[in-house]
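Next comes start_29.cif, a file with mmCIF, C-alpha atoms and all ligand atoms.
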```
data_start
#
loop_
_atom_site.label_atom_id
_atom_site.label_comp_id
_atom_site.auth_asym_id
_atom_site.auth_seq_id
_atom_site.Cartn_x
_atom_site.Cartn_y
_atom_site.Cartn_z
CA PHE A 1 0.00 0.00 0.00
CA VAL A 2 2.99 2.35 0.14
CA THR A 3 4.08 1.88 -3.48
CA GLY A 4 4.89 5.25 -5.06
CA LYS A 5 4.64 7.10 -1.73
CA ARG A 6 7.71 9.23 -1.18
CA LYS A 7 6.74 11.38 1.78
CA ALA A 8 6.03 10.19 5.30
CA THR A 9 2.68 11.99 5.23
CA GLU A 10 1.73 10.02 2.10
CA VAL A 11 2.68 6.78 3.84
CA ALA A 12 0.55 7.76 6.83
CA HIS A 13 -2.39 8.68 4.56
CA ALA A 14 -2.09 5.35 2.75
CA VAL A 15 -2.31 3.52 6.08
CA TRP A 16 -5.27 5.66 7.17
CA ARG A 17 -7.03 4.82 3.91
CA SER A 18 -6.71 1.12 4.68
CA ILE A 19 -8.54 1.61 8.00
CA VAL A 20 -10.92 4.55 7.53
CA GLN A 21 -14.22 4.10 5.71
CA LYS A 22 -16.88 6.41 4.31
CA GLY A 23 -19.18 7.58 7.10
CA ASP A 24 -16.56 7.19 9.85
CA THR A 25 -15.79 9.68 12.60
CA VAL A 26 -12.11 10.66 12.81
CA VAL A 27 -10.02 13.17 14.75
CA ASP A 28 -7.22 15.39 13.49
CA ALA A 29 -5.40 16.26 16.72
CA THR A 30 -3.03 18.76 15.05
CA CYS A 31 -4.76 20.57 12.16
CA GLY A 32 -1.88 22.89 11.27
CA ASN A 33 -2.50 24.08 7.72
CA GLY A 34 -5.24 21.52 7.11
CA ASN A 35 -3.56 19.07 4.75
CA ASP A 36 -4.33 16.09 6.97
CA THR A 37 -7.82 17.40 7.78
CA PHE A 38 -8.52 17.62 4.05
CA ALA A 39 -7.20 14.09 3.41
CA LEU A 40 -9.33 12.75 6.29
CA LEU A 41 -12.43 14.59 5.09
CA LYS A 42 -12.11 13.01 1.65
CA MET A 43 -11.84 9.58 3.30
CA VAL A 44 -14.97 9.88 5.46
CA ALA A 45 -17.40 12.13 3.53
CA ASP A 46 -20.17 10.13 1.91
CA GLU A 47 -23.08 10.99 -0.37
CA SER A 48 -25.66 11.00 2.40
CA GLY A 49 -23.78 13.47 4.59
CA ARG A 50 -22.30 10.95 7.00
CA GLY A 51 -18.68 11.09 8.15
CA ARG A 52 -17.22 13.57 10.60
CA VAL A 53 -13.79 15.11 11.10
CA TYR A 54 -13.15 16.73 14.49
CA GLY A 55 -10.06 18.89 14.15
CA MET A 56 -8.15 20.87 16.73
CA ASP A 57 -5.04 22.96 17.10
CA ILE A 58 -3.64 25.00 19.95
CA GLN A 59 -3.16 28.02 17.62
CA ASP A 60 -5.99 30.16 16.25
CA THR A 61 -3.85 30.86 13.19
CA ALA A 62 -3.72 27.14 12.42
CA ILE A 63 -7.49 26.79 12.75
CA ASP A 64 -7.94 29.82 10.44
CA SER A 65 -5.44 28.36 7.97
CA THR A 66 -7.21 24.98 7.96
CA SER A 67 -10.60 26.61 7.60
CA SER A 68 -9.46 28.80 4.67
CA PHE A 69 -7.85 25.86 2.92
CA LEU A 70 -10.94 23.69 3.27
CA LYS A 71 -13.27 26.45 2.10
CA MET A 72 -11.27 26.62 -1.13
CA ALA A 73 -10.80 22.87 -1.54
CA VAL A 74 -14.15 21.30 -0.65
CA ASP A 75 -17.81 22.06 -1.27
CA SER A 76 -20.20 23.39 1.37
CA ARG A 77 -21.75 19.94 1.89
CA GLU A 78 -18.36 18.49 2.85
CA MET A 79 -17.49 21.58 4.89
CA GLU A 80 -20.49 20.81 7.11
CA LEU A 81 -18.81 17.55 8.13
CA VAL A 82 -15.76 19.25 9.66
CA LYS A 83 -15.76 20.73 13.16
CA LEU A 84 -12.68 22.76 14.10
CA PHE A 85 -11.68 23.78 17.62
CA PRO A 86 -8.85 26.05 18.86
CA ILE A 87 -7.97 23.85 21.83
CA CYS A 88 -5.21 21.59 23.14
CA HIS A 89 -5.55 18.03 21.89
CA SER A 90 -5.49 16.77 25.48
CA ARG A 91 -9.11 18.02 25.56
CA MET A 92 -10.35 16.03 22.58
CA GLU A 93 -12.91 14.13 24.66
CA GLU A 94 -14.74 17.42 25.28
CA ILE A 95 -15.54 17.88 21.62
CA VAL A 96 -16.08 14.41 20.20
CA PRO A 97 -19.63 13.21 20.95
CA LYS A 98 -19.61 10.26 23.34
CA ASP A 99 -21.87 8.21 21.07
CA SER A 100 -19.54 8.52 18.04
CA PRO A 101 -17.13 5.60 17.70
CA VAL A 102 -13.83 7.08 16.48
CA ARG A 103 -11.94 5.13 13.82
CA LEU A 104 -8.77 7.20 13.76
CA VAL A 105 -7.00 9.84 15.80
CA ALA A 106 -4.19 11.41 13.78
CA PHE A 107 -1.30 13.38 15.27
CA ASN A 108 1.25 15.25 13.16
CA LEU A 109 3.65 16.52 15.80
CA GLY A 110 5.91 19.56 15.61
CA TYR A 111 5.36 23.21 14.70
CA LEU A 112 3.05 24.94 12.24
CA PRO A 113 4.80 25.08 8.84
CA GLY A 114 5.14 28.76 7.93
CA GLY A 115 4.17 29.75 11.47
CA ASP A 116 5.77 30.33 14.87
CA LYS A 117 8.41 27.62 15.29
CA THR A 118 8.51 28.10 19.05
CA ILE A 119 4.97 26.74 19.41
CA VAL A 120 5.45 22.99 19.17
CA THR A 121 3.84 19.89 20.51
CA VAL A 122 5.45 18.83 23.78
CA PRO A 123 5.60 15.40 25.44
CA LYS A 124 3.48 16.37 28.47
CA THR A 125 0.34 17.35 26.53
CA THR A 126 1.05 14.76 23.83
CA GLU A 127 0.92 12.12 26.56
CA LEU A 128 -2.44 13.37 27.84
CA ALA A 129 -3.74 13.52 24.28
CA LEU A 130 -2.55 9.98 23.47
CA GLN A 131 -4.26 8.75 26.62
CA ALA A 132 -7.46 10.55 25.59
CA ALA A 133 -7.14 9.09 22.08
CA SER A 134 -6.77 5.60 23.50
CA ARG A 135 -10.06 6.07 25.37
CA ILE A 136 -12.08 7.19 22.35
CA VAL A 137 -10.67 5.06 19.52
CA SER A 138 -13.00 2.17 18.77
CA SER A 139 -12.02 -1.45 18.38
CA GLY A 140 -10.15 -1.93 15.10
CA GLY A 141 -9.28 1.77 15.02
CA LEU A 142 -5.94 3.50 14.85
CA ILE A 143 -3.89 6.19 16.56
CA SER A 144 -1.40 7.55 14.05
CA VAL A 145 1.50 9.73 15.15
CA LEU A 146 3.78 11.44 12.66
CA VAL A 147 6.97 12.61 14.35
CA TYR A 148 9.40 15.05 12.70
CA ILE A 149 12.85 14.18 13.95
CA GLY A 150 14.77 16.81 11.96
CA HIS A 151 13.95 19.81 14.16
CA LEU A 152 14.87 20.81 17.69
CA GLY A 153 13.02 18.62 20.17
CA GLY A 154 11.96 16.18 17.46
CA ARG A 155 14.07 13.30 18.76
CA ALA A 156 12.75 13.85 22.28
CA GLN A 157 9.20 13.61 20.89
CA LEU A 158 10.10 10.40 19.12
CA SER A 159 11.65 8.92 22.28
CA PHE A 160 8.54 9.84 24.19
CA VAL A 161 6.16 8.26 21.62
CA GLU A 162 8.35 5.17 21.39
CA SER A 163 8.15 4.71 25.14
CA PHE A 164 4.44 5.52 25.33
CA ALA A 165 3.29 3.03 22.67
CA PRO A 166 4.56 -0.15 24.38
CA SER A 167 3.20 1.07 27.73
CA MET A 168 -0.32 0.45 26.37
CA SER A 169 -1.89 -2.92 27.11
CA PHE A 170 -0.59 -5.53 24.70
CA ASP A 171 -3.92 -7.35 24.99
CA THR A 172 -5.68 -4.42 23.33
CA TRP A 173 -3.05 -2.56 21.35
CA MET A 174 -0.26 -3.19 18.95
CA SER A 175 2.12 -0.60 17.58
CA CYS A 176 4.60 -0.31 14.77
CA LYS A 177 6.87 2.31 13.28
CA PHE A 178 7.76 3.22 9.71
CA GLU A 179 11.21 4.55 9.07
CA MET A 180 12.27 6.40 5.89
CA ILE A 181 15.64 4.74 5.37
CA HIS A 182 16.38 6.91 2.31
CA ARG A 183 15.78 10.09 4.34
CA PRO A 184 17.19 9.67 7.84
CA VAL A 185 15.68 12.93 9.20
CA ALA A 186 12.30 12.52 7.54
CA PRO A 187 9.23 12.29 9.79
CA LEU A 188 8.39 8.84 11.14
CA PRO A 189 4.84 7.56 11.26
CA VAL A 190 4.20 5.56 14.43
CA LEU A 191 0.96 3.61 14.36
CA ILE A 192 -0.91 2.33 17.36
CA HIS A 193 -3.73 -0.03 16.57
CA ALA A 194 -6.67 -1.13 18.68
CA GLN A 195 -6.61 -4.78 17.88
CA GLU A 196 -9.60 -7.08 17.54
CA VAL A 197 -9.21 -7.33 13.79
CA ILE A 198 -6.41 -8.57 11.59
CA THR A 199 -4.45 -5.49 10.62
CA VAL A 200 -2.67 -4.55 7.46
CA PHE A 201 0.58 -4.58 9.39
CA GLY A 202 0.27 -8.26 10.25
CA VAL A 203 2.05 -8.02 13.57
CA CYS A 204 -0.86 -7.89 16.00
CA LYS A 205 -1.27 -10.53 18.65
CA GLY A 206 -3.39 -13.56 17.67
N1 LIG A 301 -1.49 18.29 10.27
C1 LIG A 301 -0.95 19.56 9.85
C2 LIG A 301 -1.13 19.75 8.37
O1 LIG A 301 -1.58 18.84 7.67
O2 LIG A 301 -0.82 20.85 7.90
C3 LIG A 301 0.45 19.80 10.33
C4 LIG A 301 0.57 19.87 11.82
S1 LIG A 301 1.96 20.78 12.41
C5 LIG A 301 3.31 19.72 12.06
C6 LIG A 301 1.78 20.62 14.17
C7 LIG A 301 0.65 21.44 14.74
O3 LIG A 301 0.45 21.05 16.10
C8 LIG A 301 0.91 22.94 14.77
O4 LIG A 301 -0.03 23.62 14.00
C9 LIG A 301 0.78 23.30 16.26
O5 LIG A 301 0.15 24.54 16.49
C10 LIG A 301 -0.07 22.16 16.78
N2 LIG A 301 0.01 21.96 18.23
C11 LIG A 301 1.06 22.15 19.05
N3 LIG A 301 0.73 21.83 20.32
C12 LIG A 301 -0.57 21.44 20.29
C13 LIG A 301 -1.50 21.01 21.28
N4 LIG A 301 -1.14 20.89 22.56
N5 LIG A 301 -2.76 20.71 20.90
C14 LIG A 301 -3.14 20.82 19.60
N6 LIG A 301 -2.30 21.23 18.61
C15 LIG A 301 -1.05 21.53 18.95
#
```
Go through the file and emit its structure as structure tokens.
Ligand code: SAM
Amino acid sequence: FVTGKRKATEVAHAVWRSIVQKGDTVVDATCGNGNDTFALLKMVADESGRGRVYGMDIQDTAIDSTSSFLKMAVDSREMELVKLFPICHSRMEEIVPKDSPVRLVAFNLGYLPGGDKTIVTVPKTTELALQAASRIVSSGGLISVLVYIGHLGGRAQLSFVESFAPSMSFDTWMSCKFEMIHRPVAPLPVLIHAQEVITVFGVCKG
């Protein structure tokens, strides 16, 4: 499923596509400029108006950027399916309706491209957000974390995510990591899967 994909984001999107279906509810925990929100919206939006993307970012500028991008890129019917919130992702449970099973929570860690590079995701709130994600992701769903290791603090984020993933119950979760061997400082997608189903990665417990 990764044939022809050259960027880590494309690899992550290809994995999401193998899990997410039309009509699903998904969460973009770091909207940034809206590229992931857009990709997710296209995956879940169906003809009858089902499918929801709950997006959040700590920066108002990122929410504005995502909103502007989507308004240009999608029609008003699809726009209705996206709900954007200027909040920390550790608060995601406050905005996702309790009765909506969530198929995917996507994190794209780091700073806002083209924005203030001092405002970055940090392990403390990422941990709270991953814990929240683990509570709302439904069986067979996925937590996807894209970690940029090329910028200051990136390796610390990776170390944190790599230690967090195996701390989750092995009876319920499995995790794996993609590494771009051709591009040693490229972002790494780390995928944490709520098992109950056979996964595309083929490494989940029986
Ligand atoms: N997904 C985005 C896209 O497709 O353009 C890129 C995301 S960018 C690498 C990381 C984003 O995380 C930044 O926009 C930043 O403001 C946001 N962020 C940092 N800390 C956050 C937090 N605690 N909660 C939510 N968003 C946060």
Nearby residues, ligand LIG 301 (chain A), 6 Å, only C-alpha atoms and all ligand atoms, as a list in words: Ala29, Thr30, Cys31, Gly32, Asn33, Gly34, Asn35, Asp36, Met56, Asp57, Ile58, Gln59, Ala62, Cys88, His89, Asn108, Leu109, Gly110, Tyr111, Leu112, Val120, Thr121 and Thr125 of chain A
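Shortest atom-to-atom contact with A:Thr25 among A:Phe69, A:Tyr148, A:Tyr54, A:Trp173: A:Tyr54, counting only C-alpha atoms.
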Could you jot down the atom CA of A:Asp99 to atom CA of A:Ile136 separation for me, Å, one decimal place? 9.9 Å
From the list A:Ser167, A:Gln21, A:Thr9, A:Ser67, the nearest residue to A:Gly141 using all atoms listed in the file is A:Gln21
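Residue nearest A:Ser48, chosen from A:Pro166, A:Gly154, A:Pro86, A:Gly23 and counting all atoms listed in the file: A:Gly23.
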Under the rule that all atoms listed in the file are counted, which of A:Ile143, A:Glu127, A:Glu78, A:Ala73 is the nearest residue to A:Ser163?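 Smallest distance to A:Ser163 is found for A:Glu127.
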Pick out the residues sitting within 7 Å of A:Gly55, and hand them over as a VMD selection string; count only C-alpha atoms, and ignore anything fewer than 3 positions along from it in its own chain. chain A and resid 27 to 29 31 37 83 to 85
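Pairwise distance (atom CA of A:Gln131, atom CA of A:Ser90) equals 8.2 Å.
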Between atom CA of A:Thr172 and atom CA of A:Ser159, what is the spacing in Å?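 About the pair atom CA of A:Ser159 and atom CA of A:Thr172: they are 21.9 Å apart.
Minimum atom-to-atom distances from A:Met174, A:Val122, A:Val137, A:Ala45 to A:Leu81 were compared using all atoms listed in the file, and the lowest value belongs to A:Ala45.
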